[in-house]
>>> print(open('coords-v3.cif').read())   # mmCIF, C-alpha atoms
data_input
#
loop_
_atom_site.label_atom_id
_atom_site.label_comp_id
_atom_site.auth_asym_id
_atom_site.auth_seq_id
_atom_site.Cartn_x
_atom_site.Cartn_y
_atom_site.Cartn_z
CA PRO A 1 -18.92 1.05 -6.17
CA LEU A 2 -20.75 2.38 -9.19
CA ILE A 3 -20.26 3.46 -12.81
CA LEU A 4 -21.52 6.93 -13.73
CA THR A 5 -22.54 7.54 -17.34
CA GLY A 6 -22.15 11.04 -18.77
CA THR A 7 -19.66 12.09 -16.09
CA THR A 8 -15.99 12.28 -16.98
CA THR A 9 -12.73 13.95 -16.04
CA CYS A 10 -11.19 13.32 -19.46
CA PRO A 11 -9.66 16.45 -21.08
CA LYS A 12 -12.35 18.23 -23.06
CA GLY A 13 -11.84 18.23 -26.82
CA VAL A 14 -8.69 16.07 -26.65
CA SER A 15 -8.55 12.66 -28.34
CA PHE A 16 -6.00 9.92 -27.78
CA ASP A 17 -4.25 10.89 -31.02
CA ASP A 18 -3.92 14.47 -29.74
CA LEU A 19 -1.97 13.51 -26.60
CA GLN A 20 1.39 13.56 -28.38
CA ARG A 21 0.93 17.32 -28.89
CA TYR A 22 0.36 17.94 -25.17
CA CYS A 23 2.79 15.56 -23.44
CA TRP A 24 6.57 15.16 -23.17
CA GLY A 25 9.21 13.63 -20.91
CA SER A 26 10.81 10.26 -20.18
CA LEU A 27 8.57 7.52 -18.75
CA LYS A 28 11.51 5.62 -17.25
CA GLY A 29 10.29 4.07 -13.99
CA PHE A 30 6.62 4.44 -14.91
CA VAL A 31 6.18 1.57 -17.41
CA LYS A 32 5.35 -2.02 -16.44
CA GLU A 33 5.54 -5.05 -18.76
CA LYS A 34 3.22 -8.04 -18.37
CA ILE A 35 4.81 -11.35 -17.39
CA GLU A 36 3.38 -14.85 -17.23
CA GLN A 37 3.65 -16.26 -13.73
CA ASN A 38 1.95 -18.37 -11.16
CA HIS A 39 0.15 -16.95 -8.17
CA SER A 40 2.99 -17.53 -5.73
CA THR A 41 4.97 -14.65 -7.20
CA TRP A 42 4.80 -11.19 -5.66
CA THR A 43 3.32 -8.41 -7.74
CA PHE A 44 2.94 -4.68 -7.13
CA GLY A 45 -0.61 -3.34 -6.99
CA GLY A 46 -1.96 -6.68 -8.16
CA MET A 47 -0.13 -6.37 -11.48
CA LYS A 48 1.42 -9.43 -13.12
CA ALA A 49 4.27 -7.29 -14.36
CA VAL A 50 7.84 -6.13 -13.99
CA GLU A 51 9.22 -2.63 -14.36
CA SER A 52 10.59 -1.83 -17.78
CA ASN A 53 14.14 -0.48 -17.90
CA ALA A 54 13.50 1.27 -21.20
CA ASP A 55 14.08 5.02 -21.25
CA ILE A 56 11.16 5.86 -23.52
CA ASP A 57 9.62 9.28 -24.08
CA ILE A 58 5.89 9.48 -23.51
CA THR A 59 5.33 10.53 -27.14
CA GLU A 60 7.16 7.39 -28.33
CA PHE A 61 5.16 5.26 -25.90
CA LEU A 62 1.86 6.70 -27.17
CA ALA A 63 2.84 6.21 -30.82
CA SER A 64 3.87 2.58 -30.23
CA MET A 65 0.89 1.48 -28.12
CA GLY A 66 -0.58 -1.76 -29.48
CA ASN A 67 2.62 -2.81 -31.25
CA SER A 68 4.75 -4.18 -28.40
CA SER A 69 5.50 -7.89 -27.97
CA LYS A 70 4.28 -7.82 -24.34
CA PRO A 71 1.38 -5.70 -23.08
CA ARG A 72 2.63 -2.59 -21.28
CA PHE A 73 1.11 -0.25 -18.74
CA ALA A 74 2.24 3.30 -18.04
CA PHE A 75 1.29 3.57 -14.38
CA ASP A 76 0.67 6.69 -12.27
CA VAL A 77 1.72 9.10 -15.03
CA HIS A 78 1.40 12.51 -13.35
CA THR A 79 -0.67 14.74 -15.64
CA SER A 80 0.72 17.95 -14.15
CA ARG A 81 4.29 16.79 -14.79
CA PHE A 82 4.05 15.13 -18.21
CA CYS A 83 1.04 16.90 -19.77
CA PRO A 84 0.58 20.22 -17.90
CA ALA A 85 -1.34 21.78 -20.78
CA LEU A 86 -4.12 19.22 -20.24
CA VAL A 87 -4.88 20.41 -16.70
CA SER A 88 -6.85 23.44 -17.87
CA LYS A 89 -8.96 21.19 -20.13
CA VAL A 90 -10.25 19.02 -17.29
CA HIS A 91 -13.46 19.80 -15.43
CA LEU A 92 -13.76 18.26 -11.97
CA PRO A 93 -17.43 17.47 -11.26
CA ALA A 94 -18.54 19.01 -7.97
CA HIS A 95 -19.67 15.65 -6.57
CA PHE A 96 -16.06 14.41 -6.83
CA SER A 97 -14.72 17.19 -4.60
CA THR A 98 -14.71 15.12 -1.37
CA VAL A 99 -12.78 12.33 -3.13
CA PHE A 100 -10.29 14.86 -4.48
CA MET A 101 -9.77 16.52 -1.07
CA GLY A 102 -9.36 13.16 0.69
CA GLN A 103 -6.56 12.31 -1.72
CA TRP A 104 -5.02 15.77 -1.32
CA ARG A 105 -4.87 15.24 2.46
CA HIS A 106 -2.93 12.03 1.96
CA ARG A 107 -0.64 13.43 -0.77
CA HIS A 108 0.05 16.70 1.08
CA LYS A 109 1.26 14.80 4.14
CA TRP A 110 3.33 12.44 1.98
CA THR A 111 5.10 15.40 0.33
CA ALA A 112 5.54 17.39 3.55
CA GLN A 113 9.31 17.48 3.14
CA LEU A 114 9.22 18.70 -0.46
CA LEU A 115 9.43 22.29 -1.60
CA THR A 116 6.20 24.28 -1.78
CA TYR A 117 6.13 24.44 -5.59
CA GLN A 118 6.50 20.66 -5.77
CA LYS A 119 3.59 20.13 -3.41
CA CYS A 120 1.41 22.42 -5.51
CA MET A 121 2.33 20.68 -8.76
CA ASP A 122 1.91 17.15 -7.37
CA LEU A 123 -1.88 17.12 -7.62
CA PRO A 124 -3.58 14.29 -5.70
CA PHE A 125 -3.60 11.19 -7.89
CA TYR A 126 -4.60 13.27 -10.90
CA ASN A 127 -2.82 10.74 -13.07
CA MET A 128 -3.10 9.03 -16.44
CA TYR A 129 -3.03 5.25 -16.85
CA LEU A 130 -2.10 4.04 -20.33
CA ALA A 131 -2.63 0.29 -20.76
CA GLU A 132 -2.27 -1.88 -23.83
CA ALA A 133 -4.83 -4.60 -24.51
CA GLY A 134 -4.12 -7.74 -22.48
CA PHE A 135 -2.63 -6.02 -19.47
CA GLU A 136 -4.46 -6.89 -16.25
CA SER A 137 -4.35 -6.41 -12.52
CA ASP A 138 -5.49 -8.84 -9.83
CA MET A 139 -7.54 -7.87 -6.80
CA HIS A 140 -5.63 -5.40 -4.61
CA ILE A 141 -6.07 -2.45 -2.26
CA ASP A 142 -4.32 0.84 -3.00
CA ASN A 143 -1.75 1.73 -0.35
CA ALA A 144 -3.35 5.13 0.33
CA HIS A 145 -6.67 3.49 1.26
CA THR A 146 -8.54 6.47 -0.20
CA SER A 147 -11.64 6.35 -2.35
CA PHE A 148 -11.03 7.25 -5.99
CA THR A 149 -12.66 7.84 -9.35
CA ALA A 150 -11.34 6.80 -12.77
CA SER A 151 -12.66 8.05 -16.10
CA MET A 152 -12.32 6.00 -19.29
CA CYS A 153 -11.18 8.20 -22.17
CA GLU A 154 -10.34 5.51 -24.76
CA GLY A 155 -11.00 1.75 -24.95
CA GLN A 156 -12.72 -0.36 -22.27
CA LYS A 157 -11.84 -2.00 -18.96
CA ARG A 158 -13.70 -4.70 -17.03
CA TRP A 159 -13.63 -4.15 -13.26
CA ARG A 160 -14.27 -6.42 -10.30
CA ILE A 161 -14.75 -4.93 -6.84
CA PHE A 162 -15.90 -6.09 -3.46
CA THR A 163 -16.39 -3.91 -0.42
CA ALA A 164 -14.26 -3.53 2.68
CA GLN A 165 -17.18 -4.97 4.66
CA ASN A 166 -17.13 -8.10 2.48
CA MET A 167 -13.41 -8.37 3.00
CA SER A 168 -13.88 -8.31 6.77
CA ALA A 169 -16.55 -11.02 6.58
CA PHE A 170 -14.29 -13.29 4.51
CA ARG A 171 -10.97 -12.38 6.10
CA GLU A 172 -9.84 -15.99 6.35
CA ASP A 173 -10.09 -16.31 2.58
CA PHE A 174 -8.66 -12.97 1.53
CA ALA A 175 -6.39 -11.72 4.33
CA ASN A 176 -2.90 -12.69 5.36
CA PRO A 177 -2.81 -12.81 9.19
CA SER A 178 1.00 -12.82 9.24
CA SER A 179 1.22 -9.44 7.51
CA LEU A 180 -1.65 -7.48 9.02
CA ASN A 181 -1.22 -3.74 8.92
CA THR A 182 -1.42 -2.82 12.61
CA THR A 183 -0.45 0.83 12.27
CA THR A 184 -2.18 3.16 14.70
CA GLU A 185 -2.17 5.99 12.16
CA PRO A 186 -5.44 6.34 10.21
CA ALA A 187 -5.35 6.31 6.42
CA ALA A 188 -6.62 9.30 4.43
CA SER A 189 -10.16 7.93 4.76
CA GLY A 190 -9.88 8.19 8.55
CA VAL A 191 -10.08 4.41 8.91
CA ILE A 192 -7.20 2.35 10.29
CA PRO A 193 -6.61 -0.46 7.78
CA PHE A 194 -6.01 -3.81 9.46
CA LEU A 195 -6.28 -6.19 6.52
CA ASN A 196 -4.07 -6.75 3.52
CA LEU A 197 -4.98 -8.93 0.55
CA LEU A 198 -2.76 -11.84 -0.25
CA SER A 199 -0.70 -10.65 -3.19
CA PRO A 200 -1.07 -11.73 -5.86
CA PHE A 201 -4.72 -12.72 -5.58
CA ASP A 202 -6.36 -14.94 -8.20
CA THR A 203 -9.05 -12.71 -9.66
CA TRP A 204 -9.86 -13.74 -13.22
CA SER A 205 -9.38 -17.52 -13.56
CA PRO A 206 -12.29 -20.01 -13.23
CA GLU A 207 -10.72 -21.15 -9.93
CA SER A 208 -10.81 -17.67 -8.39
CA PRO A 209 -12.42 -17.47 -4.91
CA LEU A 210 -14.45 -14.59 -6.33
CA ARG A 211 -16.38 -17.11 -8.42
CA ASN A 212 -16.61 -19.93 -5.90
CA LYS A 213 -17.20 -18.34 -2.49
CA SER A 214 -20.84 -18.54 -1.45
CA GLY A 215 -22.18 -15.30 0.00
CA LEU A 216 -19.44 -13.05 -1.38
CA VAL A 217 -20.91 -10.10 -3.29
CA VAL A 218 -18.70 -9.10 -6.24
CA PHE A 219 -19.49 -5.99 -8.25
CA GLU A 220 -18.54 -6.30 -11.92
CA GLY A 221 -18.92 -3.89 -14.81
CA VAL A 222 -17.33 -2.63 -18.02
CA LEU A 223 -16.11 0.97 -18.06
CA SER A 224 -16.43 2.68 -21.46
CA PRO A 225 -15.54 6.13 -22.82
CA GLY A 226 -17.65 8.88 -21.27
CA GLU A 227 -18.06 6.94 -18.03
CA THR A 228 -16.45 7.20 -14.59
CA ILE A 229 -16.11 4.50 -11.94
CA TYR A 230 -16.19 5.23 -8.21
CA ILE A 231 -14.30 2.89 -5.85
CA PRO A 232 -14.97 3.33 -2.10
CA ALA A 233 -12.06 3.71 0.31
CA GLY A 234 -10.35 0.42 1.11
CA ALA A 235 -12.39 -1.58 -1.42
CA PRO A 236 -10.39 -4.35 -3.16
CA HIS A 237 -10.54 -3.93 -6.94
CA ALA A 238 -9.09 -5.28 -10.20
CA ALA A 239 -9.27 -4.41 -13.89
CA ILE A 240 -8.59 -6.25 -17.14
#
>>> encode(input="coords-v3.cif", output="structure tokens")
Amino acid sequence: PLILTGTTTCPKGVSFDDLQRYCWGSLKGFVKEKIEQNHSTWTFGGMKAVESNADIDITEFLASMGNSSKPRFAFDVHTSRFCPALVSKVHLPAHFSTVFMGQWRHRHKWTAQLLTYQKCMDLPFYNMYLAEAGFESDMHIDNAHTSFTASMCEGQKRWRIFTAQNMSAFREDFANPSSLNTTTEPAASGVIPFLNLLSPFDTWSPESPLRNKSGLVVFEGVLSPGETIYIPAGAPHAAI
């Protein structure tokens, strides 16, 4: 994992305040609300959150960010669906092309039963993630098991990551033997994933195994505007 400075996939010449001019559509089903809970409760994607039932337009969500009683997170907001005019303003750096194509391979297979125009519009994980301050995710592995990049366009996020190799070395601490993924079908990375993290996984508290396990190498860094983070395939990661 690494953070690249001066490399971004953020829309050129578009600020956060400009997004309301480019985006439209209901975010129902895309918004999560933070909840307080202990670590015995199941969460999706490491998020301490529940799905919001609110039928809110993306323009309303953008205008109200920072004013809600509980931190919210608009998750996996498809840019090509909600903000199609932004697509032409994004430059994909050439050194991200293998990441992009690996995700396309996974997404193309996943949408094999959809109509051709839908497959073309459903670009591979070319999504926006709109989080209010205080929203956090615990350590998790994305279900696609692909590598990915994320550019910070506004605000900051602190990330913690450890590698798939580290996870294998400490499997007794971080894996759940009763729910191993024993599929014989390789993930998009070409690697068959055999380990799942316990979910949720205590990532940020002083009692977290990430702080107390001798020999475990944890990568940590703050992602700022104008920077892009690269997460290797299958690497557990979290952001706050």
>>> residues_around(input="coords-v3.cif", residues="Gly226 of chain A", least_positions_apart="4", cutoff="10 Å", atoms="all atoms listed in the file", output="PyMOL selection string")
chain A and resi 4-10+151-154
>>> atom_distance(input="coords-v3.cif", atom1="atom CA of Ser52 of chain A", atom2="atom CA of Asp202 of chain A")
23.5 Å
>>> atom_distance(input="coords-v3.cif", atom1="atom CA of Asn53 of chain A", atom2="atom CA of Asp138 of chain A")
22.8 Å
>>> residues_around(input="coords-v3.cif", residues="segment 84-90 of chain A", least_positions_apart="5", cutoff="8 Å", atoms="only C-alpha atoms", output="ChimeraX atom specification")
/A:9-13,22-23,79
>>> atom_distance(input="coords-v3.cif", atom1="atom CA of Ser137 of chain A", atom2="atom CA of Ala94 of chain A")
29.5 Å
>>> closest_residue(input="coords-v3.cif", among="A:Asn212, A:Ser80, A:Ser26, A:Asn67", to="Ala54 of chain A", atoms="all atoms listed in the file")
A:Ser26
>>> closest_residue(input="coords-v3.cif", among="A:Ile3, A:Ala49, A:Leu216, A:Met128", to="Phe75 of chain A", atoms="all atoms listed in the file")
A:Met128
>>> resolve_selection(input="coords-v3.cif", expression="the PyMOL selection byres ((chain A and resi 237-240) around 8)", output="MDAnalysis selection string")
chainID A and resid 46 134:141 157:162 203 231 235:236
>>> write_last_selection(input="coords-v3.cif", atoms="C-alpha atoms", output="compact mmCIF listing (two decimals), in the coordinates of the input")
# COMPACT_ATOMS: atom_id res chain seq x y z
CA GLY A 46 -1.96 -6.68 -8.16
CA GLY A 134 -4.12 -7.74 -22.48
CA PHE A 135 -2.63 -6.02 -19.47
CA GLU A 136 -4.46 -6.89 -16.25
CA SER A 137 -4.35 -6.41 -12.52
CA ASP A 138 -5.49 -8.84 -9.83
CA MET A 139 -7.54 -7.87 -6.80
CA HIS A 140 -5.63 -5.40 -4.61
CA ILE A 141 -6.07 -2.45 -2.26
CA LYS A 157 -11.84 -2.00 -18.96
CA ARG A 158 -13.70 -4.70 -17.03
CA TRP A 159 -13.63 -4.15 -13.26
CA ARG A 160 -14.27 -6.42 -10.30
CA ILE A 161 -14.75 -4.93 -6.84
CA PHE A 162 -15.90 -6.09 -3.46
CA THR A 203 -9.05 -12.71 -9.66
CA ILE A 231 -14.30 2.89 -5.85
CA ALA A 235 -12.39 -1.58 -1.42
CA PRO A 236 -10.39 -4.35 -3.16
>>> residues_around(input="coords-v3.cif", residues="Thr163 of chain A", least_positions_apart="3", cutoff="9 Å", atoms="only C-alpha atoms", output="PyMOL selection string")
chain A and resi 1+166-168+217-219+231-237
>>> closest_residue(input="coords-v3.cif", among="A:Leu92, A:Val50, A:Ile58, A:Cys83", to="Val14 of chain A", atoms="only C-alpha atoms")
A:Cys83
>>> residues_around(input="coords-v3.cif", residues="Asn127 of chain A", least_positions_apart="4", cutoff="8 Å", atoms="all atoms listed in the file", output="compact mmCIF listing (two decimals) with C-alpha atoms, keeping the file's coordinate frame")
# COMPACT_ATOMS: atom_id res chain seq x y z
CA ASP A 76 0.67 6.69 -12.27
CA VAL A 77 1.72 9.10 -15.03
CA HIS A 78 1.40 12.51 -13.35
CA THR A 79 -0.67 14.74 -15.64
>>> closest_residue(input="coords-v3.cif", among="A:Ile35, A:Met101, A:Ala74, A:Ala150", to="Ile229 of chain A", atoms="only C-alpha atoms")
A:Ala150
>>> resolve_selection(input="coords-v3.cif", expression="the PyMOL selection byres ((chain A and resi 66) around 12)", output="list in words")
Phe61, Leu62, Ala63, Ser64, Met65, Asn67, Ser68, Ser69, Lys70, Pro71, Arg72, Phe73, Leu130, Ala131, Glu132, Ala133, Gly134, Phe135 and Gly155 of chain A
>>> closest_residue(input="coords-v3.cif", among="A:Glu36, A:Ser214, A:Val222, A:Lys48", to="Ala169 of chain A", atoms="all atoms listed in the file")
A:Ser214
>>> residues_around(input="coords-v3.cif", residues="Gly25 of chain A", least_positions_apart="4", cutoff="10 Å", atoms="all atoms listed in the file", output="PyMOL selection string")
chain A and resi 55-60+81-83
>>> closest_residue(input="coords-v3.cif", among="A:Gly215, A:Gln156, A:Thr98, A:Ser205", to="Glu227 of chain A", atoms="only C-alpha atoms")
A:Gln156
>>> axis_aligned_box(input="coords-v3.cif", around="segment 153-168 of chain A", padding_each_side="4 Å", output="lines of an AutoDock Vina configuration file")
center_x = -13.8
center_y = -0.1
center_z = -9.1
size_x = 14.8
size_y = 24.6
size_z = 39.7
>>> build_atoms(input="coords-v3.cif", residues="segment 54-65 of chain A", atoms="all heavy atoms", output="PDB file, keeping the file's coordinate frame")
ATOM      1  N   ALA A  54      13.382   0.429 -20.011  1.00  0.00           N
ATOM      2  CA  ALA A  54      13.500   1.270 -21.200  1.00  0.00           C
ATOM      3  C   ALA A  54      13.318   2.744 -20.854  1.00  0.00           C
ATOM      4  O   ALA A  54      12.426   3.110 -20.093  1.00  0.00           O
ATOM      5  CB  ALA A  54      12.468   0.844 -22.237  1.00  0.00           C
ATOM      6  N   ASP A  55      14.190   3.569 -21.417  1.00  0.00           N
ATOM      7  CA  ASP A  55      14.080   5.020 -21.250  1.00  0.00           C
ATOM      8  C   ASP A  55      13.317   5.552 -22.455  1.00  0.00           C
ATOM      9  O   ASP A  55      13.904   5.998 -23.440  1.00  0.00           O
ATOM     10  CB  ASP A  55      15.477   5.640 -21.156  1.00  0.00           C
ATOM     11  CG  ASP A  55      15.423   7.125 -20.819  1.00  0.00           C
ATOM     12  OD1 ASP A  55      14.306   7.634 -20.604  1.00  0.00           O
ATOM     13  OD2 ASP A  55      16.489   7.770 -20.774  1.00  0.00           O
ATOM     14  N   ILE A  56      11.990   5.511 -22.376  1.00  0.00           N
ATOM     15  CA  ILE A  56      11.160   5.860 -23.520  1.00  0.00           C
ATOM     16  C   ILE A  56      10.397   7.150 -23.234  1.00  0.00           C
ATOM     17  O   ILE A  56       9.861   7.356 -22.147  1.00  0.00           O
ATOM     18  CB  ILE A  56      10.172   4.701 -23.853  1.00  0.00           C
ATOM     19  CG1 ILE A  56       9.357   5.036 -25.106  1.00  0.00           C
ATOM     20  CG2 ILE A  56       9.268   4.392 -22.681  1.00  0.00           C
ATOM     21  CD1 ILE A  56       8.537   3.861 -25.625  1.00  0.00           C
ATOM     22  N   ASP A  57      10.377   8.034 -24.217  1.00  0.00           N
ATOM     23  CA  ASP A  57       9.620   9.280 -24.080  1.00  0.00           C
ATOM     24  C   ASP A  57       8.137   8.972 -24.194  1.00  0.00           C
ATOM     25  O   ASP A  57       7.727   8.039 -24.910  1.00  0.00           O
ATOM     26  CB  ASP A  57      10.032  10.257 -25.184  1.00  0.00           C
ATOM     27  CG  ASP A  57       9.443  11.639 -24.965  1.00  0.00           C
ATOM     28  OD1 ASP A  57      10.064  12.432 -24.235  1.00  0.00           O
ATOM     29  OD2 ASP A  57       8.355  11.905 -25.502  1.00  0.00           O
ATOM     30  N   ILE A  58       7.323   9.750 -23.507  1.00  0.00           N
ATOM     31  CA  ILE A  58       5.890   9.480 -23.510  1.00  0.00           C
ATOM     32  C   ILE A  58       5.300   9.571 -24.911  1.00  0.00           C
ATOM     33  O   ILE A  58       4.379   8.825 -25.253  1.00  0.00           O
ATOM     34  CB  ILE A  58       5.142  10.426 -22.536  1.00  0.00           C
ATOM     35  CG1 ILE A  58       3.670  10.010 -22.408  1.00  0.00           C
ATOM     36  CG2 ILE A  58       5.283  11.882 -22.936  1.00  0.00           C
ATOM     37  CD1 ILE A  58       2.915  10.742 -21.326  1.00  0.00           C
ATOM     38  N   THR A  59       5.847  10.439 -25.765  1.00  0.00           N
ATOM     39  CA  THR A  59       5.330  10.530 -27.140  1.00  0.00           C
ATOM     40  C   THR A  59       5.631   9.255 -27.909  1.00  0.00           C
ATOM     41  O   THR A  59       4.799   8.791 -28.698  1.00  0.00           O
ATOM     42  CB  THR A  59       5.942  11.742 -27.866  1.00  0.00           C
ATOM     43  OG1 THR A  59       7.371  11.648 -27.833  1.00  0.00           O
ATOM     44  CG2 THR A  59       5.508  13.042 -27.203  1.00  0.00           C
ATOM     45  N   GLU A  60       6.815   8.660 -27.686  1.00  0.00           N
ATOM     46  CA  GLU A  60       7.160   7.390 -28.330  1.00  0.00           C
ATOM     47  C   GLU A  60       6.267   6.270 -27.809  1.00  0.00           C
ATOM     48  O   GLU A  60       5.828   5.388 -28.563  1.00  0.00           O
ATOM     49  CB  GLU A  60       8.620   7.048 -28.080  1.00  0.00           C
ATOM     50  CG  GLU A  60       9.620   8.022 -28.674  1.00  0.00           C
ATOM     51  CD  GLU A  60      11.043   7.647 -28.278  1.00  0.00           C
ATOM     52  OE1 GLU A  60      11.377   6.451 -28.333  1.00  0.00           O
ATOM     53  OE2 GLU A  60      11.811   8.544 -27.889  1.00  0.00           O
ATOM     54  N   PHE A  61       6.009   6.291 -26.499  1.00  0.00           N
ATOM     55  CA  PHE A  61       5.160   5.260 -25.900  1.00  0.00           C
ATOM     56  C   PHE A  61       3.758   5.330 -26.509  1.00  0.00           C
ATOM     57  O   PHE A  61       3.182   4.311 -26.910  1.00  0.00           O
ATOM     58  CB  PHE A  61       5.083   5.448 -24.391  1.00  0.00           C
ATOM     59  CG  PHE A  61       4.264   4.400 -23.690  1.00  0.00           C
ATOM     60  CD1 PHE A  61       4.837   3.200 -23.277  1.00  0.00           C
ATOM     61  CD2 PHE A  61       2.911   4.598 -23.441  1.00  0.00           C
ATOM     62  CE1 PHE A  61       4.079   2.231 -22.642  1.00  0.00           C
ATOM     63  CE2 PHE A  61       2.144   3.636 -22.803  1.00  0.00           C
ATOM     64  CZ  PHE A  61       2.732   2.453 -22.391  1.00  0.00           C
ATOM     65  N   LEU A  62       3.202   6.530 -26.607  1.00  0.00           N
ATOM     66  CA  LEU A  62       1.860   6.700 -27.170  1.00  0.00           C
ATOM     67  C   LEU A  62       1.795   6.229 -28.612  1.00  0.00           C
ATOM     68  O   LEU A  62       0.849   5.550 -29.027  1.00  0.00           O
ATOM     69  CB  LEU A  62       1.434   8.162 -27.065  1.00  0.00           C
ATOM     70  CG  LEU A  62       1.155   8.694 -25.656  1.00  0.00           C
ATOM     71  CD1 LEU A  62       1.099  10.223 -25.658  1.00  0.00           C
ATOM     72  CD2 LEU A  62      -0.146   8.126 -25.113  1.00  0.00           C
ATOM     73  N   ALA A  63       2.824   6.570 -29.397  1.00  0.00           N
ATOM     74  CA  ALA A  63       2.840   6.210 -30.820  1.00  0.00           C
ATOM     75  C   ALA A  63       2.973   4.709 -31.027  1.00  0.00           C
ATOM     76  O   ALA A  63       2.506   4.167 -32.039  1.00  0.00           O
ATOM     77  CB  ALA A  63       3.967   6.946 -31.528  1.00  0.00           C
ATOM     78  N   SER A  64       3.605   4.013 -30.068  1.00  0.00           N
ATOM     79  CA  SER A  64       3.870   2.580 -30.230  1.00  0.00           C
ATOM     80  C   SER A  64       2.857   1.698 -29.524  1.00  0.00           C
ATOM     81  O   SER A  64       2.960   0.465 -29.582  1.00  0.00           O
ATOM     82  CB  SER A  64       5.274   2.249 -29.702  1.00  0.00           C
ATOM     83  OG  SER A  64       5.358   2.498 -28.298  1.00  0.00           O
ATOM     84  N   MET A  65       1.867   2.296 -28.854  1.00  0.00           N
ATOM     85  CA  MET A  65       0.890   1.480 -28.120  1.00  0.00           C
ATOM     86  C   MET A  65       0.146   0.546 -29.073  1.00  0.00           C
ATOM     87  O   MET A  65      -0.292   0.946 -30.145  1.00  0.00           O
ATOM     88  CB  MET A  65      -0.106   2.373 -27.375  1.00  0.00           C
ATOM     89  CG  MET A  65       0.462   3.019 -26.130  1.00  0.00           C
ATOM     90  SD  MET A  65      -0.798   3.876 -25.119  1.00  0.00           S
ATOM     91  CE  MET A  65      -1.676   2.458 -24.428  1.00  0.00           C
TER      92      MET A  65
END
